[in-house]
Structures are given as C-alpha cells and as structure tokens.
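Colleague: Coordinates in final_14.txt, compact mmCIF, C-alpha atoms, are listed below.
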# COMPACT_ATOMS: atom_id res chain seq x y z
CA MET R 1 8.13 -64.64 7.84
CA ASN R 2 9.85 -62.36 10.33
CA ASN R 3 11.75 -64.20 13.10
CA GLU R 4 13.16 -61.00 14.64
CA PRO R 5 10.83 -60.95 17.72
CA ILE R 6 11.54 -64.63 18.43
CA ARG R 7 15.30 -64.05 18.10
CA LYS R 8 15.15 -61.05 20.47
CA THR R 9 13.19 -63.07 23.03
CA THR R 10 15.64 -65.95 22.81
CA ASP R 11 18.63 -63.58 23.13
CA SER R 12 17.04 -61.92 26.18
CA LEU R 13 16.39 -65.31 27.76
CA TRP R 14 20.01 -66.41 27.29
CA MET R 15 21.24 -63.07 28.69
CA PHE R 16 19.04 -63.55 31.76
CA VAL R 17 20.29 -67.13 32.27
CA GLY R 18 23.90 -65.94 31.88
CA PHE R 19 23.33 -63.16 34.40
CA ILE R 20 21.90 -65.63 36.94
CA LEU R 21 24.85 -68.00 36.39
CA VAL R 22 27.37 -65.16 36.97
CA ILE R 23 25.60 -64.24 40.22
CA LEU R 24 25.61 -67.87 41.39
CA ILE R 25 29.30 -68.24 40.55
CA LEU R 26 30.18 -65.04 42.43
CA TRP R 27 28.09 -66.18 45.40
CA ALA R 28 29.80 -69.59 45.48
CA ALA R 29 33.25 -68.00 45.07
CA SER R 30 32.59 -65.56 47.93
CA TRP R 31 31.40 -68.41 50.16
CA ILE R 32 34.59 -70.43 49.40
CA LEU R 33 36.90 -67.41 49.89
CA ILE R 34 35.23 -66.41 53.19
CA ALA R 35 35.47 -69.98 54.47
CA LYS R 36 39.14 -70.19 53.47
CA TYR R 37 40.41 -66.80 54.70
CA LEU R 38 38.24 -66.20 57.76
CA PRO R 39 39.06 -68.99 60.24
CA ASP R 40 36.28 -68.82 62.85
CA TRP R 41 32.54 -68.13 62.85
CA GLN R 42 32.76 -64.95 64.89
CA THR R 43 35.08 -63.29 62.35
CA ARG R 44 32.88 -64.48 59.51
CA SER R 45 29.82 -63.05 61.28
CA SER R 46 31.47 -59.65 61.78
CA PHE R 47 32.55 -59.62 58.14
CA GLY R 48 29.00 -60.43 56.96
CA GLN R 49 27.44 -57.73 59.14
CA MET R 50 29.68 -55.13 57.48
CA PHE R 51 27.64 -55.63 54.30
CA GLY R 52 24.19 -55.23 55.91
CA VAL R 53 23.95 -51.64 54.70
CA THR R 54 24.96 -52.71 51.20
CA ASN R 55 22.23 -55.38 51.21
CA THR R 56 19.69 -52.75 52.23
CA LEU R 57 20.93 -50.43 49.50
CA PHE R 58 20.58 -53.08 46.81
CA SER R 59 17.16 -54.17 48.10
CA GLY R 60 15.97 -50.56 47.98
CA ALA R 61 17.39 -50.13 44.48
CA ALA R 62 15.58 -53.28 43.36
CA LEU R 63 12.31 -51.99 44.82
CA ALA R 64 12.82 -48.63 43.08
CA GLY R 65 13.46 -50.50 39.81
CA VAL R 66 10.22 -52.47 40.20
CA ILE R 67 8.26 -49.26 40.90
CA PHE R 68 9.87 -47.54 37.90
CA ALA R 69 9.00 -50.51 35.65
CA LEU R 70 5.39 -50.39 36.86
CA LEU R 71 5.20 -46.66 36.10
CA LEU R 72 6.58 -47.27 32.60
CA GLN R 73 4.01 -50.01 32.00
CA ARG R 74 1.24 -47.72 33.23
CA ARG R 75 2.34 -45.01 30.79
CA ALA R 76 2.53 -47.54 27.94
CA LEU R 77 -0.97 -48.83 28.75
CA GLU R 78 -2.34 -45.28 28.76
CA MET R 79 -0.77 -44.62 25.36
CA THR R 80 -2.29 -47.88 24.08
CA ARG R 81 -5.71 -46.86 25.39
CA GLN R 82 -5.46 -43.50 23.64
CA ALA R 83 -4.41 -45.13 20.38
CA LEU R 84 -7.31 -47.60 20.58
CA SER R 85 -9.73 -44.78 21.33
CA GLN R 86 -8.52 -42.82 18.30
CA ALA R 87 -8.76 -45.92 16.13
CA ALA R 88 -12.34 -46.52 17.32
CA LYS R 89 -13.32 -42.92 16.51
CA ALA R 90 -11.76 -43.22 13.06
CA GLN R 91 -13.64 -46.49 12.53
CA GLU R 92 -16.93 -44.82 13.47
CA LYS R 93 -16.29 -41.97 11.03
CA SER R 94 -15.45 -44.46 8.31
CA GLU R 95 -18.61 -46.43 9.04
CA LYS R 96 -20.76 -43.28 8.81
CA ALA R 97 -19.11 -42.31 5.54
CA LEU R 98 -19.68 -45.80 4.10
CA ASN R 99 -23.34 -45.74 5.19
CA GLU R 100 -23.81 -42.37 3.53
CA GLN R 101 -22.07 -43.62 0.41
CA ALA R 102 -24.37 -46.67 0.31
CA LYS R 103 -27.43 -44.42 0.62
CA LEU R 104 -26.18 -42.20 -2.20
CA MET R 105 -25.51 -45.27 -4.35
CA LEU R 106 -29.08 -46.42 -3.73
CA LEU R 107 -30.37 -43.00 -4.77
CA THR R 108 -28.20 -43.17 -7.88
CA ALA R 109 -29.67 -46.57 -8.72
CA LYS R 110 -33.18 -45.17 -8.24
CA LEU R 111 -32.34 -42.23 -10.51
CA ASN R 112 -31.01 -44.57 -13.18
CA ALA R 113 -34.08 -46.81 -12.94
CA ILE R 114 -36.53 -43.91 -13.12
CA SER R 115 -34.60 -42.39 -16.00
CA SER R 116 -34.79 -45.68 -17.89
CA LEU R 117 -38.52 -45.97 -17.21
CA LEU R 118 -39.04 -42.38 -18.39
CA ASP R 119 -37.17 -43.12 -21.59
CA ALA R 120 -39.23 -46.27 -22.15
CA HIS R 121 -42.53 -44.50 -21.56
CA LYS R 122 -41.49 -41.54 -23.68
CA THR R 123 -40.73 -43.96 -26.48
CA GLN R 124 -44.06 -45.71 -25.92
CA ILE R 125 -45.94 -42.39 -26.06
CA GLU R 126 -44.09 -41.47 -29.24
CA VAL R 127 -45.04 -44.84 -30.77
CA TYR R 128 -48.67 -44.30 -29.84
CA GLN R 129 -48.57 -40.85 -31.41
CA TRP R 130 -46.81 -42.17 -34.50
CA GLN R 131 -49.42 -44.91 -34.91
CA GLY R 132 -52.04 -42.21 -34.85
CA LEU R 133 -53.70 -43.12 -31.58
CA SER R 134 -55.46 -40.18 -30.13
CA ALA R 135 -54.41 -38.65 -26.84
CA GLY R 136 -57.88 -39.45 -25.61
CA GLY R 137 -57.34 -43.19 -25.94
CA LYS R 138 -56.97 -45.30 -22.79
CA THR R 139 -53.50 -46.62 -23.69
CA ALA R 140 -52.10 -43.19 -24.41
CA GLN R 141 -53.65 -41.81 -21.22
CA ASP R 142 -52.16 -44.68 -19.15
CA ALA R 143 -48.73 -44.12 -20.64
CA SER R 144 -49.03 -40.38 -20.09
CA ALA R 145 -50.09 -40.86 -16.44
CA LYS R 146 -47.20 -43.25 -15.83
CA PHE R 147 -44.86 -40.76 -17.44
CA LYS R 148 -46.05 -38.00 -15.09
CA GLN R 149 -45.74 -40.36 -12.10
CA TYR R 150 -42.14 -41.19 -13.00
CA ILE R 151 -41.32 -37.51 -13.42
CA GLU R 152 -42.68 -36.85 -9.90
CA GLU R 153 -40.60 -39.73 -8.50
CA LEU R 154 -37.55 -38.41 -10.33
CA THR R 155 -38.13 -34.95 -8.85
CA ASN R 156 -38.46 -36.42 -5.32
CA VAL R 157 -35.26 -38.43 -5.65
CA MET R 158 -33.42 -35.40 -7.02
CA ASP R 159 -34.62 -33.33 -4.04
CA GLU R 160 -33.38 -36.03 -1.66
CA VAL R 161 -29.99 -36.10 -3.41
CA LYS R 162 -29.75 -32.32 -3.10
CA LYS R 163 -30.53 -32.50 0.63
CA ARG R 164 -27.87 -35.17 1.21
CA MET R 165 -25.30 -33.29 -0.79
CA ALA R 166 -26.02 -30.10 1.18
CA ALA R 167 -25.70 -32.04 4.47
CA THR R 168 -22.18 -33.25 3.61
In structure tokens, what does this structure look like?

Modeller:
Amino acid sequence: MNNEPIRKTTDSLWMFVGFILVILILWAASWILIAKYLPDWQTRSSFGQMFGVTNTLFSGAALAGVIFALLLQRRALEMTRQALSQAAKAQEKSEKALNEQAKLMLLTAKLNAISSLLDAHKTQIEVYQWQGLSAGGKTAQDASAKFKQYIEELTNVMDEVKKRMAAT
C-alpha cells in the first residue's frame, strides 16, 4: 500500500499550520514592540498609516495569486477533459473491435458446425453407397439433399466471412 499521498498531505498541513503560527507570532511581536516603543496613540496611528500602501500591495498580490491559481485549475480541468475524451474514443474503438471479433467468432463456430455436419452426411452417404442402397432410395436422397443444403449454408457463411474481412 502506498502512503506517499497521505504523507504529502500531512506534511503540507503541518507546513500550513507552521506558517500561520509564524504569522501570528510576528503579529503579536509587532503589537508588543509598537506598544512599547511608541508612547502615544497619535504616534502609533501615524506609524500604522505608513504601511497602508504595503497592505494594499500585499492584498493585490494575494488577489493575483488567487486568480493565477484559478487559471491553473482551469487549465488542469481542460487537460483532464481532453484525456477523458480520448479515453472514451479509445473505449468506443475497442468496443467496436470486440463486437466485430465476437461476430467473426460466431461465423467461425457456424463454419465448424456446418463442416462437421457435412462430414457426417458425407460419411452417411458413403455408408449408404457401401451397403448397396441405390441413389434412388428415399434415405439416400434425403442425405444427398441435406448434404447440398449444408454446402449452400457453408457457401453463404464463407461469403459473409469474405465480406467482413474485406470491410476490415
């Protein structure tokens, strides 16, 4: 089992918590230092207003960072959509190929069955001829008709196989 993603998430969480703690410590330290070294409220106010531009700069940078992160996520989502689309197309092609393979396997099974029936009827006709039954007898005629029917079916299946093979 791979714990690497969990470890990375945990490390990122601790880094975030540490970053927040450093900011809080710096904020508390600045508040203590300002209170200690700037004696009255008017001086403290003037000192704080000096950093108004810096606050605006950092707020703007934070907004730009949020916009940049959104653009990166948008690009990543687009790439994911493209990958899913390609995977769906590949899946469709695979499904078509499997359907065609199943149809060809069915034709192969039909060919094998007809071939076996032809062999059986050929053997039956040979037995009838060996036993001396005339070709005019009903049993020999039935076997001969079946034999011709199976040959026609075999020819039809072979034609269908040829068409499918030409189509691919």

Colleague: Distance CA of Gly60 in chain R-CA of Leu38 in chain R, one decimal place?

Modeller: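 Interatomic distance, CA of Gly60 in chain R to CA of Leu38 in chain R: 28.9 Å.
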
Colleague: Skipping near chain neighbours, those fewer than 3 positions away, what residues fall within 12 Å of range 91-105 of chain R using all atoms listed in the file, listed as a tab-separated table (two decimals) with C-alpha atoms, in the frame of the given file?

Modeller:
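Saved the output as out.tsv:
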chain	number	residue	atom	x	y	z
R	84	LEU	CA	-7.31	-47.60	20.58
R	85	SER	CA	-9.73	-44.78	21.33
R	86	GLN	CA	-8.52	-42.82	18.30
R	87	ALA	CA	-8.76	-45.92	16.13
R	88	ALA	CA	-12.34	-46.52	17.32
R	108	THR	CA	-28.20	-43.17	-7.88
R	109	ALA	CA	-29.67	-46.57	-8.72
R	110	LYS	CA	-33.18	-45.17	-8.24
R	111	LEU	CA	-32.34	-42.23	-10.51
R	112	ASN	CA	-31.01	-44.57	-13.18
R	157	VAL	CA	-35.26	-38.43	-5.65
R	158	MET	CA	-33.42	-35.40	-7.02
R	160	GLU	CA	-33.38	-36.03	-1.66
R	161	VAL	CA	-29.99	-36.10	-3.41
R	162	LYS	CA	-29.75	-32.32	-3.10
R	163	LYS	CA	-30.53	-32.50	0.63
R	164	ARG	CA	-27.87	-35.17	1.21
R	165	MET	CA	-25.30	-33.29	-0.79
R	167	ALA	CA	-25.70	-32.04	4.47
R	168	THR	CA	-22.18	-33.25	3.61

Colleague: Suppose you want the space between CA of Glu152 in chain R and CA of Ile114 in chain R; what is it in Å?

Modeller: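 Distance reported for this atom pair: 9.9 Å.
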
Colleague: So, with all atoms listed in the file as the atoms that count, which of R:Leu154, R:Ala90, R:Ala61, R:Ile34 lies closest to Gly48 in chain R?

Modeller: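 Going through R:Leu154, R:Ala90, R:Ala61, R:Ile34 one by one, the smallest distance to Gly48 in chain R is for R:Ile34.
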